[in-house]
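S.K.: Quick one: this structure, given as structure tokens, is what I'll be asking you about.
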Amino acid sequence: MDRKYKEMILAGQTSLGIEFGSTRIKAVLIGQDNQKIASGSHTWENRLEAGMWTYTLDDIWGGLRACYKDLSSEVKKTYGIPLETVGAMGVSAMMHGYLAFDGQDQLLVPFRTWRNTCTAEAAKQLTDLFGFNIPQRWSIAHLYQAILNQEEHVSNISYITTLAGYIHYQLTGESVLGIGDASGMFPIDNQTRLFDAEMMAKFDALDTVSGLDWTLADVLPSILPAGEEAGRLTEKGAKAIDPTGTLKAGALMCPPEGDAGTGMVATNSVRQRTGNISAGTSVFAMAVLEKSLSQVHTEIDMVTTPCGDPVAMVHCNNFLGDIDAWVKLFGEAARAFGSDPDADALYGTLYNLALEGEADGGNLMANNYISGEHVTGFSHGCPMFLRLPDANFSLANFMRVQLYAACASLKIGMDILFGEQVELDIINGHGGFFKVPLVGQKIMAAALGTPISVMATAGDGGPWGIAVLASYMINGKDETLPDYLSKNIFNNAESSVVAPSLSDQAGYNAFIERYKASLAVEQAAVTAYFD
């Protein structure tokens, strides 16, 4: 036990970050030195109900309490004291989606997550109206699709928000949002760093919208950049996190952020010419821009860093979900033969086998689409594995192709970005794909043709990133966020960098051409099962 951390906990000189990811809710407690003191987690899973991917409110609050209990138990076990107070706190979560409430804070329809691809009509109309790409998962696309569908709840809307915004509001009573998370709801004006007023006026003037009793300004949350204070944890909020009453109210709260923003912070990727990849159940790559793109690309989102600088984002709904299913299957096979490897051993063994496969995957093919994928134009997904009769069907090639396929949609989107002459000195990776040393880096470097760095802190990811943002709010008053991170967080950070090898790049390029051709097969499967 480090006594200085015990003293920080007793004095409330800590920052707590909690992030709601797709499959896990994670919490990280850091000290004044921004080092991790303790962590906790809770596994959860979205469900498909009435054709919509969702989590219930019980899922959200039960998961938050379970995650915090895990964290506080680690504090008690490690330091011998209860966690009664924290100095600062922040909440982050999956971006986008649709949470609509009435004036009594009652949820009007079940939470519609980013994973739903049911807003194509609205997204296209708004993209044409604004001259700005509006992806299907954005909150404004969900809202407008509900209007086009003439859903009854629309007239009763008092406000809409994101998952992070909803939780922050319940904990503090403040309906605010960090600018990075807000940029996935509605376009941001890069000059004012607020929601784009001209686009809001165009939306409100639509015939389908103008007759409503509210305007966008009425229903969207207020925006705050990183470093601003966003309220305090209330008694009600403290009880929502810790029903035992041990956690006291009063912690200063930073603006709630999206998982894209916390990923940028966790990898020191908020400065121009830096980029990062968050690779888990879904995957997204962020590039902080030096200049605007020359045209609108429907495959690329325009969002912001937590301090409001423009970012190009390539987001893919599908990444590790199908691989996780295969690893689970191999685990069942191992247990059938009397072995019982743990998850780390399974993933480590299978991922490392991929590096023994042929550079092009041995003429095997996979598609990892569990849900729809907008980058390649799919409204639904159907995971698929294919092999030609003369293919080299080995376990090493099978695993290599699974990892290749996970990166394929991202590769297609990033090639558009590189075609815009966007230059990145390095891309920082974090998330489950990079947990097995070197494997994910080598595969991603081959796919993108760019060096991939993974920092020692990358395993802590988003929850550590939002904890750092909470710390920045208190300690970084006189510094920009990029400078604060460089000087105080990453000045001595350990990292490993893997550059793409020529043979791996050539192999991946051969694979991606076959992959693009195989999308016709995927479309046939989707048509057969869903149309």
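How things are named: the first chain in the structure tokens is A, the next is B, and so on; residues count from 1 in each chain; ligands count from 1 in the order shown.
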According to DSSP computed on the backbone, where in stretch 67-98 of chain A is there helix (DSSP H, G or I)? Give the residues as a list in words.
M.R.: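 Secondary structure check on stretch 67-98 of chain A, helix (DSSP H, G or I): Cys67, Tyr68, Lys69, Asp70, Leu71, Ser72, Ser73, Glu74, Val75, Lys76, Lys77, Thr78 and Tyr79 of chain A.
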S.K.: Create the file for the chosen residues now, containing C-alpha atoms and written as a CSV table (one decimal), in the first residue's frame.
M.R.:
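For reference, result_3.csv as written:
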chain,number,residue,atom,x,y,z
A,67,CYS,CA,-19.3,-0.7,-10.7
A,68,TYR,CA,-18.9,1.8,-7.9
A,69,LYS,CA,-19.2,-1.0,-5.3
A,70,ASP,CA,-16.4,-2.9,-7.0
A,71,LEU,CA,-14.2,0.2,-6.9
A,72,SER,CA,-15.0,1.1,-3.3
A,73,SER,CA,-14.3,-2.5,-2.3
A,74,GLU,CA,-10.9,-2.3,-3.9
A,75,VAL,CA,-10.2,0.9,-2.0
A,76,LYS,CA,-11.2,-0.7,1.3
A,77,LYS,CA,-9.2,-3.9,0.6
A,78,THR,CA,-6.0,-2.0,-0.5
A,79,TYR,CA,-6.0,1.0,1.8
S.K.: Using only C-alpha atoms, find each residue in stretch 15-45 of chain A having at least one atom no more than 12 Å away from stretch 240-264 of chain A; report its shortest atom-to-atom pair and that distance in Å (one decimal), rows by chain then rising number, as a tab-separated table.
M.R.:
residue	atom	partner	partner_atom	distance
A:Ser15	CA	A:Ala251	CA	8.9
A:Leu16	CA	A:Ala251	CA	9.4
A:Gly17	CA	A:Cys254	CA	9.8
A:Ile18	CA	A:Pro256	CA	10.0
A:Glu19	CA	A:Asp259	CA	7.5
A:Phe20	CA	A:Asp259	CA	8.2
A:Gly21	CA	A:Asp259	CA	7.5
A:Ser22	CA	A:Asp259	CA	10.1
A:Ile25	CA	A:Asp259	CA	11.6
A:Lys26	CA	A:Asp259	CA	11.7
A:Ala27	CA	A:Ile241	CA	11.6
S.K.: Just checking: using only C-alpha atoms, which residue out of A:Asn133, A:Gln402, A:Ala396, A:Ala146 ends up closest to A:Ala312?
M.R.: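 That would be A:Asn133, the residue with the smallest distance to A:Ala312.
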S.K.: Taking only C-alpha atoms into account, name the residue in A:Ser278, A:Ser501, A:Ser139, A:Ser471 that is nearest to A:Ala359.
M.R.: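 Among the listed residues, the smallest separation from A:Ala359 belongs to A:Ser501.
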S.K.: Stretch 411-486 of chain A: which residues are strand (DSSP E) by DSSP, as number ranges by chain?
M.R.: A: 426-430, 452-455
S.K.: Counting only C-alpha atoms, figure out which residue out of A:Met365, A:Met286, A:Leu220, A:Ala226 gets nearest to A:Asn475.
M.R.: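 Smallest distance to A:Asn475 is found for A:Ala226.
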S.K.: Quick one: residues within 8 Å of A:Ala493, only C-alpha atoms counted, chain neighbours fewer than 3 positions away excluded, as a PyMOL selection string?
M.R.: chain A and resi 455-457+489-490
S.K.: Between atom CA of A:Arg24 and atom CA of A:Thr43, what is the distance, to one decimal in Å?
M.R.: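 Spanning atom CA of A:Arg24 to atom CA of A:Thr43 is a straight-line distance of 4.4 Å.
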